[in-house]
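S.K.: Could you have a look at this structure, given as structure tokens, before my questions?
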Amino acid sequence: MTLEQLRIFVAVAEREHVTRAAQALHLTQSTISAAIAALEARHDVRLFDRVGRGVRLTEAGRVFLVEARAVLARAEAAGEVLAELAGLRRGTLRIAASQTVGAYWLPARLTAFRAAHPRLAVTLAIGNSEQVAAWIGGGEADLGMVEGPVADVDLSPVEVGQDRMVLVLPPGHPLARGGPLDAAALQALTFVAREAGSGTGVMLERLAASFGLSLADLDISMELPSNEALRSAVEAGAGAAVLSALVADGAVRSGQLAALELDLPPRPFFVLRHRARHLAPAARAFLGALGVAADAA
């Protein structure tokens, strides 16, 4: 049984005439007759009686007409849903983001996107870069936003922004007053750091490497699960930390922290998608809002 057969049946039933139904549907009379005959033969039931030049529903036909109309209505509703999804009048954008980009860079862009498409729902999950890559790989999010590249070859990264890293210290620290930053100064600091797998943690490792050191050469007193925890720990006097300027700027302006500019390349922000998965219209639209062509990501 096909939707076309149901449409033909309903058209004949409503007009009680094969020729008029054919004219309304722009089909031949033989096509109309064949569709009705196929329904009757498949289910071994008679749907119409011929009365003069017209037709009348049988008892079975009257019962079937109710169900046929209901199925066609549901099919029309399903088509409207697809049209609304394609037209961004319905749907959900699922984004996963690592902490810095998710908490500081992304919210303003999501707000602007939501204002442009107020009938779309937007969900945001926050984790570290490895978790975001895993969520995209597992189909739990449509797009991912991370600070730095990921190793998963199934994920397609496109750079959409940049960040700079700073060394944050208590305001009275000698380095904050202009002391030289060298390998010895780094080794003399006590650090609080992010966990392995985080983009911020990688940047501390890169800072150490720029002075010929490894993480094992640094005094790391605590490993904390968020950028805000790092900032608060430094404010409380726990030591120093490498942080995004986006995270540190407010505390630096208020005098709670001092920030030392670092001779490190800007840290890129990437949007990720799974190469093998179809992008929903909402995800395509958000890529466009970020200035990324859907086929480039």
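By order in the structure tokens, chains are A, B, ...; within a chain, residues start at 1; ligands start at 1, following the order shown.
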Using only C-alpha atoms, which protein or nucleic acid residues come within 8 Å of stretch 102-106 of chain A? Drop anything in the same chain fewer than 5 positions from it, and give the result as a list in words.

M.R.: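 Here the answer would be Ala96, Ala97, Leu124, Ile126, Met145, Leu246 and Val247 of chain A.
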
S.K.: Taking the DSSP secondary structure from the backbone, can you list the residues of stretch 122-270 of chain A that are strand (DSSP E or B), as an mmCIF file with N, CA and C atoms, in the first residue's frame?

M.R.:
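Resulting contents of part_4.cif:
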```
data_model
loop_
_atom_site.group_PDB
_atom_site.id
_atom_site.type_symbol
_atom_site.label_atom_id
_atom_site.label_comp_id
_atom_site.auth_asym_id
_atom_site.auth_seq_id
_atom_site.Cartn_x
_atom_site.Cartn_y
_atom_site.Cartn_z
ATOM 1 N N VAL A 122 18.774 25.326 21.179
ATOM 2 C CA VAL A 122 20.232 25.219 21.194
ATOM 3 C C VAL A 122 20.655 24.575 22.501
ATOM 4 N N THR A 123 21.467 23.523 22.435
ATOM 5 C CA THR A 123 22.019 22.906 23.630
ATOM 6 C C THR A 123 23.540 22.965 23.556
ATOM 7 N N LEU A 124 24.175 23.181 24.714
ATOM 8 C CA LEU A 124 25.632 23.298 24.789
ATOM 9 C C LEU A 124 26.138 22.413 25.915
ATOM 10 N N ALA A 125 27.049 21.491 25.576
ATOM 11 C CA ALA A 125 27.708 20.646 26.569
ATOM 12 C C ALA A 125 29.163 21.079 26.682
ATOM 13 N N ILE A 126 29.669 21.158 27.908
ATOM 14 C CA ILE A 126 31.031 21.620 28.154
ATOM 15 C C ILE A 126 31.878 20.463 28.668
ATOM 16 N N GLY A 127 33.064 20.279 28.102
ATOM 17 C CA GLY A 127 34.023 19.285 28.569
ATOM 18 C C GLY A 127 35.413 19.716 28.159
ATOM 19 N N LEU A 143 28.143 19.602 16.304
ATOM 20 C CA LEU A 143 29.375 20.352 16.087
ATOM 21 C C LEU A 143 30.146 20.433 17.394
ATOM 22 N N GLY A 144 31.464 20.528 17.286
ATOM 23 C CA GLY A 144 32.307 20.705 18.457
ATOM 24 C C GLY A 144 33.145 21.952 18.306
ATOM 25 N N MET A 145 33.478 22.579 19.425
ATOM 26 C CA MET A 145 34.342 23.758 19.437
ATOM 27 C C MET A 145 35.463 23.485 20.431
ATOM 28 N N VAL A 146 36.704 23.537 19.957
ATOM 29 C CA VAL A 146 37.851 23.215 20.812
ATOM 30 C C VAL A 146 38.970 24.225 20.608
ATOM 31 N N GLU A 147 39.874 24.248 21.601
ATOM 32 C CA GLU A 147 41.048 25.122 21.539
ATOM 33 C C GLU A 147 42.235 24.273 21.114
ATOM 34 N N LEU A 155 37.291 13.489 12.336
ATOM 35 C CA LEU A 155 36.763 14.814 12.623
ATOM 36 C C LEU A 155 37.445 15.852 11.741
ATOM 37 N N SER A 156 36.633 16.703 11.145
ATOM 38 C CA SER A 156 37.142 17.723 10.228
ATOM 39 C C SER A 156 37.204 19.064 10.960
ATOM 40 N N PRO A 157 38.421 19.610 11.217
ATOM 41 C CA PRO A 157 38.533 20.886 11.938
ATOM 42 C C PRO A 157 38.690 22.073 10.987
ATOM 43 N N VAL A 158 38.059 23.188 11.335
ATOM 44 C CA VAL A 158 38.249 24.448 10.617
ATOM 45 C C VAL A 158 38.457 25.540 11.659
ATOM 46 N N GLU A 159 39.505 26.337 11.476
ATOM 47 C CA GLU A 159 39.786 27.405 12.434
ATOM 48 C C GLU A 159 38.752 28.522 12.295
ATOM 49 N N VAL A 160 38.222 28.971 13.446
ATOM 50 C CA VAL A 160 37.205 30.027 13.429
ATOM 51 C C VAL A 160 37.571 31.203 14.335
ATOM 52 N N GLY A 161 38.649 31.103 15.069
ATOM 53 C CA GLY A 161 39.039 32.193 15.958
ATOM 54 C C GLY A 161 40.390 31.915 16.574
ATOM 55 N N GLN A 162 40.857 32.862 17.386
ATOM 56 C CA GLN A 162 42.145 32.704 18.054
ATOM 57 C C GLN A 162 42.065 33.223 19.483
ATOM 58 N N ASP A 163 43.005 32.769 20.271
ATOM 59 C CA ASP A 163 43.085 33.117 21.676
ATOM 60 C C ASP A 163 44.550 33.366 22.011
ATOM 61 N N MET A 165 47.416 33.299 25.269
ATOM 62 C CA MET A 165 47.625 32.761 26.605
ATOM 63 C C MET A 165 48.489 33.720 27.416
ATOM 64 N N VAL A 166 48.208 33.803 28.710
ATOM 65 C CA VAL A 166 48.993 34.637 29.614
ATOM 66 C C VAL A 166 49.383 33.813 30.837
ATOM 67 N N LEU A 167 50.447 34.240 31.488
ATOM 68 C CA LEU A 167 50.853 33.653 32.764
ATOM 69 C C LEU A 167 50.251 34.518 33.859
ATOM 70 N N VAL A 168 49.347 33.963 34.653
ATOM 71 C CA VAL A 168 48.698 34.736 35.717
ATOM 72 C C VAL A 168 49.391 34.462 37.042
ATOM 73 N N LEU A 169 49.544 35.536 37.813
ATOM 74 C CA LEU A 169 50.294 35.512 39.070
ATOM 75 C C LEU A 169 49.585 36.393 40.092
ATOM 76 N N THR A 190 55.478 27.865 41.587
ATOM 77 C CA THR A 190 54.561 26.770 41.884
ATOM 78 C C THR A 190 53.338 26.957 40.979
ATOM 79 N N PHE A 191 53.002 25.927 40.215
ATOM 80 C CA PHE A 191 51.899 26.027 39.257
ATOM 81 C C PHE A 191 50.666 25.279 39.742
ATOM 82 N N VAL A 192 49.498 25.804 39.367
ATOM 83 C CA VAL A 192 48.264 25.019 39.361
ATOM 84 C C VAL A 192 47.926 24.808 37.885
ATOM 85 N N ALA A 193 47.451 23.615 37.536
ATOM 86 C CA ALA A 193 47.323 23.253 36.120
ATOM 87 C C ALA A 193 46.017 22.524 35.870
ATOM 88 N N ARG A 194 45.619 22.533 34.600
ATOM 89 C CA ARG A 194 44.463 21.758 34.155
ATOM 90 C C ARG A 194 44.842 20.295 33.979
ATOM 91 N N ASP A 219 57.141 22.638 39.056
ATOM 92 C CA ASP A 219 56.513 22.332 40.340
ATOM 93 C C ASP A 219 55.008 22.552 40.194
ATOM 94 N N ILE A 220 54.265 21.475 39.943
ATOM 95 C CA ILE A 220 52.811 21.554 39.778
ATOM 96 C C ILE A 220 52.176 21.028 41.055
ATOM 97 N N SER A 221 51.565 21.937 41.817
ATOM 98 C CA SER A 221 51.046 21.563 43.132
ATOM 99 C C SER A 221 49.642 20.981 43.067
ATOM 100 N N MET A 222 48.850 21.444 42.091
ATOM 101 C CA MET A 222 47.462 20.983 41.996
ATOM 102 C C MET A 222 47.052 20.844 40.541
ATOM 103 N N GLU A 223 46.209 19.870 40.276
ATOM 104 C CA GLU A 223 45.581 19.697 38.965
ATOM 105 C C GLU A 223 44.094 19.925 39.161
ATOM 106 N N LEU A 224 43.531 20.901 38.475
ATOM 107 C CA LEU A 224 42.153 21.328 38.703
ATOM 108 C C LEU A 224 41.324 21.152 37.425
ATOM 109 N N ALA A 240 50.980 30.048 40.323
ATOM 110 C CA ALA A 240 50.807 30.653 39.010
ATOM 111 C C ALA A 240 50.064 29.671 38.106
ATOM 112 N N ALA A 241 49.555 30.177 36.981
ATOM 113 C CA ALA A 241 48.871 29.319 36.020
ATOM 114 C C ALA A 241 48.971 29.938 34.640
ATOM 115 N N VAL A 242 48.954 29.092 33.629
ATOM 116 C CA VAL A 242 48.822 29.542 32.248
ATOM 117 C C VAL A 242 47.337 29.494 31.914
ATOM 118 N N LEU A 243 46.775 30.643 31.530
ATOM 119 C CA LEU A 243 45.344 30.757 31.282
ATOM 120 C C LEU A 243 45.094 31.551 30.006
ATOM 121 N N SER A 244 43.925 31.332 29.446
ATOM 122 C CA SER A 244 43.474 32.174 28.348
ATOM 123 C C SER A 244 43.269 33.600 28.847
ATOM 124 N N ALA A 258 47.755 39.510 38.289
ATOM 125 C CA ALA A 258 48.656 40.116 37.313
ATOM 126 C C ALA A 258 48.820 39.131 36.172
ATOM 127 N N ALA A 259 48.995 39.634 34.961
ATOM 128 C CA ALA A 259 49.138 38.775 33.785
ATOM 129 C C ALA A 259 50.396 39.148 33.036
ATOM 130 N N LEU A 260 51.158 38.141 32.698
ATOM 131 C CA LEU A 260 52.392 38.335 31.951
ATOM 132 C C LEU A 260 52.195 37.782 30.551
ATOM 133 N N GLU A 261 52.392 38.632 29.546
ATOM 134 C CA GLU A 261 52.253 38.182 28.164
ATOM 135 C C GLU A 261 53.326 37.135 27.858
ATOM 136 N N ARG A 267 46.598 30.764 20.166
ATOM 137 C CA ARG A 267 45.965 29.448 20.219
ATOM 138 C C ARG A 267 44.704 29.469 19.355
ATOM 139 N N PRO A 268 44.608 28.604 18.354
ATOM 140 C CA PRO A 268 43.430 28.642 17.476
ATOM 141 C C PRO A 268 42.213 27.981 18.110
ATOM 142 N N PHE A 269 41.045 28.497 17.772
ATOM 143 C CA PHE A 269 39.775 27.852 18.083
ATOM 144 C C PHE A 269 39.290 27.143 16.821
ATOM 145 N N PHE A 270 38.897 25.882 16.959
ATOM 146 C CA PHE A 270 38.438 25.091 15.824
ATOM 147 C C PHE A 270 36.989 24.668 16.019
#
```

S.K.: Rank A:Ala251, A:Leu3, A:Val18, A:Val66 by their smallest atom-to-atom distance to A:Arg53, using only C-alpha atoms, and report the top residue only.

M.R.: A:Val18

S.K.: Find the residues near A:Ala35: any atom within 9 Å, counting only C-alpha atoms, skip ones fewer than 2 places away on the same chain, and give them as a list in words.

M.R.: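 Near neighbours after the sequence-gap exclusion: Glu4, Gln5, Leu6, Ile8, Phe9, Ser30, Thr31, Ile32, Ser33, Ala37, Ala38, Leu39 and Glu40 of chain A.
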
S.K.: Would you save the residues of that selection, restricted to C-alpha atoms, as a PDB file, in the first residue's frame?

M.R.:
```pdb
ATOM      1  CA  GLU A   4      -0.305   7.461  -3.891  1.00  0.00           C
ATOM      2  CA  GLN A   5      -2.856   4.638  -3.751  1.00  0.00           C
ATOM      3  CA  LEU A   6      -4.364   6.195  -0.620  1.00  0.00           C
ATOM      4  CA  ILE A   8      -6.337   8.072  -5.297  1.00  0.00           C
ATOM      5  CA  PHE A   9      -8.754   6.144  -3.093  1.00  0.00           C
ATOM      6  CA  SER A  30      -6.732   3.723 -16.201  1.00  0.00           C
ATOM      7  CA  THR A  31      -4.191   4.744 -13.520  1.00  0.00           C
ATOM      8  CA  ILE A  32      -7.028   5.513 -11.088  1.00  0.00           C
ATOM      9  CA  SER A  33      -8.769   2.221 -11.806  1.00  0.00           C
ATOM     10  CA  ALA A  37      -8.027  -2.567  -8.180  1.00  0.00           C
ATOM     11  CA  ALA A  38      -4.591  -3.115  -6.599  1.00  0.00           C
ATOM     12  CA  LEU A  39      -5.878  -2.116  -3.159  1.00  0.00           C
ATOM     13  CA  GLU A  40      -8.907  -4.378  -3.461  1.00  0.00           C
TER      14      GLU A  40
END
```

S.K.: What's around A:Leu93 at 12 Å? Count only C-alpha atoms, leave out sequence neighbours fewer than 6 positions away in its own chain, and write the answer as a ChimeraX atom specification.

M.R.: /A:85,110,113-114,117-125,140-144,279-287

S.K.: Which residue, A:Ala116, A:Ala34, A:Leu57, A:Ala151, has the smallest gap to A:Arg15 when you use only C-alpha atoms?

M.R.: A:Leu57

S.K.: Leaving out A:Ala188 and any residue of its chain fewer than 3 positions from it, which residues lie within 9 Å of it when counting only C-alpha atoms, given as a list in words?

M.R.: Ala183, Ala184, Ala185, Leu218 and Asp219 of chain A

S.K.: Can you list, as a ChimeraX atom specification, every residue of stretch 179-271 of chain A that DSSP puts in helix (DSSP H, G or I)?

M.R.: /A:183-188,199-210,215-217,227-235,245-253

S.K.: If we count only C-alpha atoms, what is near A:Leu25 at a cut-off of 8 Å, once residues fewer than 2 positions away on the same chain are taken out, given as an MDAnalysis selection string?

M.R.: chainID A and resid 8 11 21:23 27

S.K.: Could you turn the residues from that selection into a file that holds C-alpha atoms, as a PDB file, in the first residue's frame?

M.R.:
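In the end it all went to selection_25.pdb:
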```pdb
ATOM      1  CA  ILE A   8      -6.337   8.072  -5.297  1.00  0.00           C
ATOM      2  CA  ALA A  11     -10.109  11.352  -4.263  1.00  0.00           C
ATOM      3  CA  ALA A  21     -10.904  11.989  -9.517  1.00  0.00           C
ATOM      4  CA  ALA A  22      -8.568  11.487 -12.492  1.00  0.00           C
ATOM      5  CA  GLN A  23      -9.089  15.089 -13.571  1.00  0.00           C
ATOM      6  CA  LEU A  27      -3.930  11.189 -13.859  1.00  0.00           C
TER       7      LEU A  27
END
```

S.K.: Give the answer as one residue: which of A:Glu80, A:Val10, A:Ile95, A:Val202 has the shortest atom-to-atom distance to A:Glu67, using only C-alpha atoms?

M.R.: A:Val10

S.K.: With distances taken over only C-alpha atoms, which residue among A:Arg109, A:Arg94, A:Arg275, A:Arg253 lies nearest A:Gly288?

M.R.: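 Among the listed residues, A:Arg109 lies closest to A:Gly288.
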
S.K.: Under the rule that only C-alpha atoms are counted, which of A:Val51, A:Ala133, A:Val292, A:Val234 is the nearest residue to A:Pro149?

M.R.: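 Closest candidate: A:Ala133.
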